[in-house]
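With compact mmCIF, C-alpha atoms inside, this is query-v5.txt:
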```txt
# COMPACT_ATOMS: atom_id res chain seq x y z
CA MET A 244 121.42 87.59 112.93
CA ALA A 245 122.83 90.80 111.46
CA PHE A 246 122.83 89.15 108.03
CA LEU A 247 119.21 88.07 108.49
CA ARG A 248 118.13 91.61 109.40
CA LEU A 249 119.93 92.97 106.37
CA PHE A 250 118.32 90.35 104.14
CA ILE A 251 114.83 91.04 105.48
CA ALA A 252 115.20 94.82 105.15
CA PHE A 253 116.08 94.52 101.47
CA LEU A 254 113.53 91.78 100.91
CA LYS A 255 110.92 94.34 102.05
CA ILE A 256 112.38 97.03 99.79
CA GLY A 257 112.26 94.67 96.81
CA ALA A 258 108.75 93.45 97.61
CA PHE A 259 106.97 96.71 98.33
CA SER A 260 108.37 99.21 95.88
CA PHE A 261 106.37 99.64 92.73
CA GLY A 262 107.44 101.69 89.75
CA GLY A 263 111.19 101.26 90.11
CA GLY A 264 113.89 103.92 90.08
CA TYR A 265 113.52 106.94 92.31
CA ALA A 266 110.07 105.76 93.38
CA MET A 267 111.94 103.25 95.55
CA LEU A 268 113.95 105.88 97.43
CA PRO A 269 111.49 106.78 100.22
CA LEU A 270 111.11 103.11 101.15
CA ILE A 271 114.88 102.55 101.10
CA GLU A 272 115.35 105.63 103.28
CA GLU A 273 112.73 104.42 105.76
CA GLU A 274 114.38 101.02 106.17
CA ILE A 275 118.02 102.09 106.10
CA VAL A 276 118.07 105.47 107.85
CA TYR A 277 115.08 105.44 110.21
CA ILE A 278 114.28 101.83 111.13
CA ASN A 279 117.71 100.18 111.14
CA GLN A 280 119.97 103.27 111.26
CA TRP A 281 122.64 101.66 109.13
CA LEU A 282 123.40 104.98 107.44
CA THR A 283 123.04 108.62 108.46
CA HIS A 284 120.93 110.90 106.33
CA SER A 285 123.95 112.47 104.62
CA GLU A 286 125.42 109.05 103.83
CA PHE A 287 122.06 108.22 102.31
CA ILE A 288 122.33 111.27 100.04
CA ASP A 289 125.73 109.88 98.98
CA ILE A 290 123.95 106.74 97.75
CA ILE A 291 121.99 108.85 95.29
CA ALA A 292 125.18 110.51 93.98
CA ILE A 293 126.94 107.15 93.76
CA SER A 294 123.96 105.61 91.98
CA GLU A 295 124.17 108.30 89.33
CA MET A 296 127.77 107.31 88.69
CA SER A 297 127.02 103.62 88.62
CA PRO A 298 124.95 101.74 86.07
CA GLY A 299 122.08 99.51 87.08
CA PRO A 300 118.89 99.95 89.09
CA ILE A 301 119.13 102.31 92.06
CA ALA A 302 117.69 99.66 94.40
CA ILE A 303 120.53 97.28 93.51
CA ASN A 304 123.08 100.06 93.96
CA ALA A 305 121.65 100.93 97.37
CA ALA A 306 121.58 97.27 98.46
CA THR A 307 125.18 96.69 97.46
CA PHE A 308 126.36 99.93 99.05
CA VAL A 309 124.54 99.53 102.37
CA GLY A 310 125.43 95.84 102.65
CA PHE A 311 129.08 96.63 102.04
CA ARG A 312 129.22 99.50 104.55
CA TYR A 313 127.46 97.44 107.21
CA LEU A 314 128.86 93.91 106.78
CA GLY A 315 131.49 93.95 104.04
CA VAL A 316 131.36 92.02 100.76
CA MET A 317 129.24 89.21 102.24
CA GLY A 318 126.80 91.85 103.42
CA SER A 319 126.54 93.34 99.95
CA ILE A 320 125.83 89.89 98.47
CA VAL A 321 123.12 89.18 101.06
CA ALA A 322 121.46 92.58 100.59
CA THR A 323 121.53 92.31 96.79
CA ILE A 324 119.97 88.84 96.83
CA GLY A 325 117.33 90.18 99.23
CA VAL A 326 116.36 93.04 96.96
CA VAL A 327 115.93 90.89 93.81
CA PHE A 328 114.38 87.85 95.53
CA THR A 329 110.72 88.89 95.29
CA SER A 330 111.15 89.98 91.67
CA PHE A 331 112.59 86.61 90.79
CA VAL A 332 109.76 84.62 92.39
CA LEU A 333 106.96 86.85 91.08
CA VAL A 334 108.26 87.36 87.53
CA THR A 335 109.10 83.69 86.87
CA GLY A 336 105.74 82.67 88.40
CA LEU A 337 103.73 85.14 86.35
CA ALA A 338 105.78 84.50 83.19
CA ARG A 339 104.92 80.79 83.45
CA ILE A 340 101.19 81.59 83.55
CA ILE A 341 101.35 84.17 80.76
CA ILE A 342 103.33 81.90 78.42
CA LYS A 343 100.91 79.02 79.07
CA TYR A 344 97.78 81.08 78.38
CA TYR A 345 99.24 83.37 75.73
CA ASP A 346 96.59 82.42 73.17
CA SER A 347 93.59 82.70 75.49
CA TYR A 348 91.40 85.69 74.73
CA ILE A 349 91.83 87.11 78.25
CA VAL A 350 95.62 87.35 78.00
CA LYS A 351 95.34 88.53 74.39
CA GLY A 352 92.79 91.18 75.35
CA ILE A 353 94.85 92.41 78.28
CA PHE A 354 97.93 92.79 76.11
CA ALA A 355 95.92 94.43 73.33
CA GLY A 356 95.28 97.24 75.80
CA ILE A 357 98.66 97.22 77.51
CA ARG A 358 100.93 97.26 74.43
CA PRO A 359 99.98 100.74 73.19
CA ALA A 360 99.88 101.93 76.82
CA VAL A 361 103.54 101.00 77.28
CA ILE A 362 104.44 103.26 74.35
CA GLY A 363 102.69 106.09 76.22
CA LEU A 364 104.49 105.09 79.44
CA ILE A 365 107.90 105.18 77.81
CA ALA A 366 107.10 108.51 76.16
CA ALA A 367 106.09 109.88 79.58
CA ALA A 368 109.37 108.62 81.10
CA CYS A 369 111.13 110.39 78.26
CA VAL A 370 109.42 113.70 79.11
CA SER A 371 110.23 113.49 82.83
CA LEU A 372 113.86 112.58 82.05
CA PHE A 373 113.98 115.48 79.61
CA LYS A 374 113.00 117.88 82.40
CA THR A 375 115.78 116.70 84.73
CA SER A 376 118.48 116.08 82.10
CA ILE A 377 118.18 119.00 79.71
CA THR A 378 119.03 121.84 82.05
CA ASP A 379 121.07 124.21 79.88
CA VAL A 380 122.01 124.96 76.27
CA LYS A 381 124.98 122.56 76.38
CA SER A 382 122.90 119.57 77.45
CA LEU A 383 120.27 120.47 74.84
CA LEU A 384 122.97 120.52 72.15
CA ILE A 385 124.32 117.13 73.25
CA GLY A 386 120.79 115.70 73.23
CA LEU A 387 120.11 117.01 69.72
CA ALA A 388 123.49 115.81 68.40
CA ILE A 389 122.86 112.32 69.76
CA LEU A 390 119.34 112.30 68.32
CA GLY A 391 120.80 113.17 64.90
CA ILE A 392 123.41 110.41 65.19
CA LEU A 393 120.75 107.87 66.19
CA TYR A 394 118.57 108.91 63.28
CA LYS A 395 121.34 108.73 60.68
CA THR A 396 123.43 105.77 61.91
CA LYS A 397 122.94 102.42 63.60
CA LEU A 398 125.40 103.17 66.39
CA HIS A 399 125.00 100.78 69.33
CA PRO A 400 123.46 102.35 72.49
CA ILE A 401 126.67 101.55 74.38
CA GLY A 402 128.70 103.51 71.81
CA VAL A 403 126.16 106.34 72.11
CA ILE A 404 126.58 106.45 75.91
CA LEU A 405 130.38 106.54 75.72
CA LEU A 406 130.30 109.17 72.97
CA SER A 407 127.88 111.39 74.90
CA GLY A 408 130.07 111.13 78.00
CA ILE A 409 133.08 112.30 76.03
CA MET A 410 130.95 115.11 74.55
CA GLY A 411 130.06 116.08 78.11
CA ILE A 412 133.70 116.29 79.16
CA VAL A 413 134.56 118.37 76.07
CA VAL A 414 131.54 120.70 76.22
CA TYR A 415 131.61 121.33 79.96
CA SER A 416 135.40 121.91 79.99
CA ILE A 417 135.08 124.89 77.67
CA MET B 296 125.93 75.98 78.01
CA LYS B 297 126.89 78.35 75.23
CA LYS B 298 123.41 79.88 75.05
CA TYR B 299 123.47 80.59 78.79
CA LEU B 300 126.85 82.25 78.52
CA SER B 301 125.77 84.44 75.61
CA LEU B 302 122.59 85.38 77.54
CA PHE B 303 124.76 86.26 80.55
CA TRP B 304 127.04 88.37 78.36
CA ILE B 305 124.15 90.26 76.73
CA PHE B 306 122.69 91.16 80.12
CA PHE B 307 126.11 91.97 81.52
CA LYS B 308 126.26 94.69 78.85
CA VAL B 309 122.72 95.79 79.71
CA GLY B 310 123.67 96.02 83.40
CA ALA B 311 126.89 97.85 82.66
CA PHE B 312 125.30 100.59 80.56
CA THR B 313 121.89 101.18 82.12
CA PHE B 314 122.35 104.72 83.42
CA GLY B 315 119.37 106.84 84.38
CA GLY B 316 116.66 104.49 85.58
CA GLY B 317 114.68 101.49 84.43
CA TYR B 318 113.71 102.61 80.95
CA ALA B 319 117.33 103.30 80.01
CA MET B 320 117.74 99.54 79.52
CA VAL B 321 114.99 99.47 76.87
CA PRO B 322 117.19 100.63 73.94
CA ILE B 323 120.05 98.26 74.86
CA ILE B 324 117.86 95.15 75.28
CA GLN B 325 116.00 96.10 72.10
CA LYS B 326 119.28 96.32 70.16
CA GLU B 327 120.78 93.12 71.59
CA ILE B 328 117.79 90.77 71.98
CA VAL B 329 115.30 92.03 69.39
CA GLU B 330 117.48 93.36 66.55
CA ASN B 331 120.83 91.55 66.76
CA ALA B 332 120.02 88.14 68.25
CA GLU B 333 116.36 88.17 67.06
CA LEU B 334 115.34 86.11 70.08
CA ILE B 335 112.07 87.94 70.72
CA GLU B 336 109.92 90.38 68.72
CA ASN B 337 109.16 94.02 69.48
CA GLU B 338 105.53 93.19 70.32
CA GLU B 339 106.51 90.56 72.88
CA PHE B 340 109.07 92.96 74.27
CA LEU B 341 106.28 95.49 74.90
CA ASP B 342 104.29 92.82 76.77
CA ILE B 343 107.33 92.02 78.90
CA ILE B 344 107.91 95.69 79.79
CA ALA B 345 104.24 96.02 80.77
CA VAL B 346 104.40 93.03 83.11
CA SER B 347 107.73 94.21 84.56
CA GLN B 348 106.32 97.63 85.29
CA SER B 349 103.27 96.15 87.03
CA LEU B 350 105.21 94.03 89.53
CA PRO B 351 107.20 95.31 92.51
CA GLY B 352 110.94 95.75 92.18
CA ALA B 353 113.23 97.47 89.70
CA ILE B 354 111.90 97.48 86.12
CA ALA B 355 115.27 96.53 84.62
CA VAL B 356 115.56 93.56 86.99
CA ASN B 357 112.02 92.35 86.29
CA THR B 358 112.47 92.71 82.52
CA THR B 359 115.75 90.81 82.67
CA ILE B 360 114.22 87.92 84.63
CA PHE B 361 111.24 87.73 82.26
CA VAL B 362 113.35 87.72 79.09
CA GLY B 363 115.72 85.09 80.55
CA PHE B 364 112.82 82.91 81.68
CA LYS B 365 110.97 83.18 78.38
CA LEU B 366 114.08 82.15 76.43
CA TYR B 367 115.61 79.39 78.58
CA GLY B 368 113.50 78.79 81.72
CA ILE B 369 114.59 79.24 85.33
CA LEU B 370 118.30 78.83 84.58
CA GLY B 371 117.99 81.42 81.82
CA ALA B 372 116.31 83.82 84.28
CA LEU B 373 119.13 83.26 86.78
CA MET B 374 121.91 83.79 84.23
CA ALA B 375 120.28 86.94 82.85
CA LEU B 376 119.74 88.31 86.36
CA LEU B 377 123.34 87.57 87.34
CA GLY B 378 124.51 89.37 84.21
CA THR B 379 122.43 92.48 84.91
CA VAL B 380 123.33 92.72 88.59
CA LEU B 381 127.05 91.94 88.44
CA PRO B 382 128.39 95.15 86.80
CA SER B 383 126.51 97.43 89.17
CA PHE B 384 127.56 95.23 92.11
CA LEU B 385 131.25 95.42 91.21
CA ILE B 386 131.22 99.13 90.41
CA ILE B 387 129.46 99.96 93.69
CA LEU B 388 132.07 98.01 95.64
CA VAL B 389 134.78 100.10 93.98
CA LEU B 390 132.85 103.38 94.42
CA ALA B 391 132.04 102.62 98.07
CA THR B 392 135.75 102.16 98.74
CA PHE B 393 137.07 105.12 96.76
CA TYR B 394 134.05 107.45 96.78
CA ASN B 395 135.83 110.25 98.63
CA PHE B 396 138.54 110.40 95.96
CA ILE B 397 136.23 109.93 93.01
CA LYS B 398 133.52 112.45 93.88
CA ASP B 399 135.90 115.39 93.46
CA ILE B 400 137.13 114.52 89.95
CA PRO B 401 135.34 117.07 87.73
CA SER B 402 135.60 115.12 84.47
CA ILE B 403 133.53 112.28 85.96
CA GLN B 404 130.72 114.73 86.74
CA MET B 405 131.01 116.14 83.21
CA PHE B 406 130.88 112.66 81.69
CA PHE B 407 127.54 112.02 83.37
CA HIS B 408 126.24 115.47 82.46
CA GLY B 409 126.84 114.42 78.86
CA VAL B 410 125.29 110.97 79.25
CA ARG B 411 121.98 112.22 80.68
CA PRO B 412 120.65 114.01 77.57
CA ALA B 413 121.82 111.05 75.44
CA ILE B 414 119.63 108.71 77.54
CA VAL B 415 116.62 110.91 76.69
CA ALA B 416 117.44 110.64 72.96
CA LEU B 417 117.97 106.86 73.22
CA ILE B 418 114.65 106.27 75.01
CA PHE B 419 112.86 108.54 72.53
CA MET B 420 114.15 106.49 69.58
CA ALA B 421 113.29 103.23 71.35
CA ALA B 422 109.72 104.45 71.90
CA LEU B 423 109.48 105.31 68.18
CA LYS B 424 110.69 101.86 67.13
CA LEU B 425 108.32 100.12 69.54
CA GLY B 426 105.51 102.34 68.29
CA LYS B 427 106.14 101.21 64.73
CA ALA B 428 105.90 97.57 65.85
CA ILE B 429 102.25 97.81 66.86
CA GLU B 430 99.35 97.92 64.42
CA ARG B 431 98.20 101.36 63.27
CA LYS B 432 94.61 101.57 64.36
CA THR B 433 92.53 104.11 66.21
CA PHE B 434 92.25 102.02 69.38
CA ASN B 435 96.04 101.77 69.78
CA LEU B 436 96.51 105.47 69.13
CA ILE B 437 93.85 106.46 71.68
CA ILE B 438 95.32 104.16 74.36
CA ALA B 439 98.90 105.35 73.80
CA VAL B 440 97.96 109.03 73.91
CA THR B 441 95.66 108.59 76.92
CA ALA B 442 98.32 106.67 78.87
CA PHE B 443 100.88 109.34 78.04
CA ILE B 444 98.64 112.21 79.17
CA ALA B 445 97.52 110.36 82.31
CA ILE B 446 101.11 109.93 83.47
CA ALA B 447 102.90 112.98 82.07
CA VAL B 448 100.16 115.54 82.77
CA PHE B 449 98.00 114.15 85.57
CA ASN B 450 100.65 112.11 87.44
CA VAL B 451 98.49 108.98 87.52
CA HIS B 452 100.54 106.06 88.85
CA PRO B 453 101.75 103.77 86.00
CA ILE B 454 100.18 100.71 87.62
CA PHE B 455 96.69 102.24 87.56
CA THR B 456 97.27 103.32 83.98
CA ILE B 457 98.26 99.78 83.00
CA ILE B 458 95.27 98.23 84.79
CA ALA B 459 92.87 100.68 83.11
CA CYS B 460 94.36 100.04 79.66
CA ALA B 461 94.33 96.27 80.20
CA THR B 462 90.62 96.49 81.02
CA ALA B 463 89.99 98.60 77.92
CA GLY B 464 91.87 96.04 75.84
CA LEU B 465 89.85 93.19 77.27
CA VAL B 466 86.51 94.90 76.57
CA TYR B 467 87.65 95.90 73.07
CA THR B 468 88.84 92.38 72.17
CA LYS B 469 85.64 90.79 73.48
CA ARG B 470 83.44 93.19 71.52
CA LYS B 471 85.49 92.62 68.37
CA GLU B 472 85.15 88.85 68.67
CA LYS B 473 81.39 89.21 69.05
CA GLU B 474 81.24 91.35 65.91
CA ASN B 475 83.19 88.76 63.96
CA GLY B 476 80.97 85.98 65.31
CA VAL B 477 83.82 84.15 67.00
CA SER B 478 82.96 82.67 70.37
```
Is it possible to give me this structure as structure tokens?
Amino acid sequence: MAFLRLFIAFLKIGAFSFGGGYAMLPLIEEEIVYINQWLTHSEFIDIIAISEMSPGPIAINAATFVGFRYLGVMGSIVATIGVVFTSFVLVTGLARIIIKYYDSYIVKGIFAGIRPAVIGLIAAACVSLFKTSITDVKSLLIGLAILGILYKTKLHPIGVILLSGIMGIVVYSI
Amino acid sequence: MKKYLSLFWIFFKVGAFTFGGGYAMVPIIQKEIVENAELIENEEFLDIIAVSQSLPGAIAVNTTIFVGFKLYGILGALMALLGTVLPSFLIILVLATFYNFIKDIPSIQMFFHGVRPAIVALIFMAALKLGKAIERKTFNLIIAVTAFIAIAVFNVHPIFTIIACATAGLVYTKRKEKENGVS
């Protein structure tokens, strides 16, 4: 019963949060802190801090964390499956249709409009991340250094992330 | 079997290094799937991101499932999803257990202070590369700039922006086909 409630709570979170990332937080808070009271408000704030230290989508991080706190490792598995379940059903369903009708003029037309829009979307995400990430001269310098490295070399994004982390430790230790 | 394992491994890397929200996975998937493995093209990748953004759930998860499904069907989608989710799952289990020790280590905070501006640079370069992949014509430029301003300046929700641009694309394509006499 407890497992079922956990599953359903995260099924709802996965099914009703559009936009991903921090846009999912209010819904997660509603389910976890107010409706089911699995975490206190300050424990919920911890999730955000932990999510910043952990890779992967914040919704997955929250699911794993809450499930683990509430019902151990099995709980974290159940909550994580719950949060990705709707995505899996919807994306594979829609992908099937899109692949089948890829050459129809409707799908072609829709993508003709969407493709350039996604460039704008990613650029907008870049601007909002810039506002929250570049907060002082040191972070600006790291950003510019990495931009230069990306422009001049073909360094893998994973190498870039590790390098920038080391730069952070060096720059902020001074 | 080998193709499923290599798909799993690619997305394991994506899951392990996606810091800073959904779009942070764009440069890694682009490098691994588009440039190195050449499994899909930049244009298709844009379509996949658009669909992933329009559905509920985390963008990185939706993108992963779509890429896996497009390459190797349902099993491909499952393997890719497992790969993306597993690193974050394991790390959270460790963090949840040791959080009280870890949160006070200053160099961990500094590491992530350094990573954040790098994510901005990575996403910026990914947007440039994706921009080069689409045809240079006035329609594309207008749509990209309008979508950017709508979201960055006027805070329009991305889903409404995508729906509006899809409609514009549909009208534009239909008109073009009429002009060319294709029915």
Selected residue, from A:Leu406, A:Ile365, A:Val332, A:Met296, that lies nearest to Ile389 in chain A when counting all atoms listed in the file
A:Leu406
May I ask which of the residues A:Ile401, A:Gly363, A:Leu384, A:Val350 is the closest one to Thr468 in chain B, counting all atoms listed in the file?
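Ranking A:Ile401, A:Gly363, A:Leu384, A:Val350 by distance to Thr468 in chain B, first place goes to A:Val350.
For Leu465 in chain B, the residues within 7 Å (counting all atoms listed in the file, excluding itself and residues fewer than 6 positions away along the chain) are Ile349, Gly352, Ile353 and Gly356 of chain A.
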What's around Leu350 in chain B at 10 Å? Count all atoms listed in the file, leave out sequence neighbours fewer than 4 positions away in its own chain, and write the answer as a ChimeraX atom specification.
/A:258-263,329-330,333-334,337 /B:345-346,354,357,454
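With CA of Phe373 in chain A on one side and CA of Asn331 in chain B on the other, the separation reads 28.0 Å.
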Could I get range 370-386 of chain A rebuilt with N, CA and C atoms, written as an mmCIF file, keeping the file's coordinate frame?
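Result written to selection.cif:
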```cif
data_model
loop_
_atom_site.group_PDB
_atom_site.id
_atom_site.type_symbol
_atom_site.label_atom_id
_atom_site.label_comp_id
_atom_site.auth_asym_id
_atom_site.auth_seq_id
_atom_site.Cartn_x
_atom_site.Cartn_y
_atom_site.Cartn_z
ATOM 1 N N VAL A 370 109.699 112.290 78.776
ATOM 2 C CA VAL A 370 109.420 113.700 79.110
ATOM 3 C C VAL A 370 109.979 114.041 80.490
ATOM 4 N N SER A 371 109.773 113.146 81.480
ATOM 5 C CA SER A 371 110.230 113.490 82.830
ATOM 6 C C SER A 371 111.767 113.482 82.884
ATOM 7 N N LEU A 372 112.393 112.569 82.118
ATOM 8 C CA LEU A 372 113.860 112.580 82.050
ATOM 9 C C LEU A 372 114.364 113.836 81.345
ATOM 10 N N PHE A 373 113.607 114.262 80.342
ATOM 11 C CA PHE A 373 113.980 115.480 79.610
ATOM 12 C C PHE A 373 114.061 116.662 80.568
ATOM 13 N N LYS A 374 113.047 116.758 81.458
ATOM 14 C CA LYS A 374 113.000 117.880 82.400
ATOM 15 C C LYS A 374 114.200 117.903 83.336
ATOM 16 N N THR A 375 114.662 116.712 83.770
ATOM 17 C CA THR A 375 115.780 116.700 84.730
ATOM 18 C C THR A 375 117.144 116.676 84.037
ATOM 19 N N SER A 376 117.184 116.238 82.767
ATOM 20 C CA SER A 376 118.480 116.080 82.100
ATOM 21 C C SER A 376 118.878 117.262 81.233
ATOM 22 N N ILE A 377 117.878 117.885 80.599
ATOM 23 C CA ILE A 377 118.180 119.000 79.710
ATOM 24 C C ILE A 377 118.012 120.275 80.537
ATOM 25 N N THR A 378 119.123 120.735 81.114
ATOM 26 C CA THR A 378 119.030 121.840 82.050
ATOM 27 C C THR A 378 119.654 123.127 81.516
ATOM 28 N N ASP A 379 120.456 123.015 80.462
ATOM 29 C CA ASP A 379 121.070 124.210 79.880
ATOM 30 C C ASP A 379 121.269 124.013 78.378
ATOM 31 N N VAL A 380 121.840 125.021 77.718
ATOM 32 C CA VAL A 380 122.010 124.960 76.270
ATOM 33 C C VAL A 380 122.958 123.812 75.884
ATOM 34 N N LYS A 381 124.007 123.604 76.688
ATOM 35 C CA LYS A 381 124.980 122.560 76.380
ATOM 36 C C LYS A 381 124.337 121.169 76.373
ATOM 37 N N SER A 382 123.533 120.895 77.399
ATOM 38 C CA SER A 382 122.900 119.570 77.450
ATOM 39 C C SER A 382 121.879 119.417 76.324
ATOM 40 N N LEU A 383 121.212 120.519 75.961
ATOM 41 C CA LEU A 383 120.270 120.470 74.840
ATOM 42 C C LEU A 383 121.009 120.133 73.545
ATOM 43 N N LEU A 384 122.177 120.776 73.351
ATOM 44 C CA LEU A 384 122.970 120.520 72.150
ATOM 45 C C LEU A 384 123.433 119.059 72.099
ATOM 46 N N ILE A 385 123.897 118.537 73.220
ATOM 47 C CA ILE A 385 124.320 117.130 73.250
ATOM 48 C C ILE A 385 123.143 116.220 72.900
ATOM 49 N N GLY A 386 121.986 116.497 73.498
ATOM 50 C CA GLY A 386 120.790 115.700 73.230
ATOM 51 C C GLY A 386 120.430 115.700 71.743
#
```
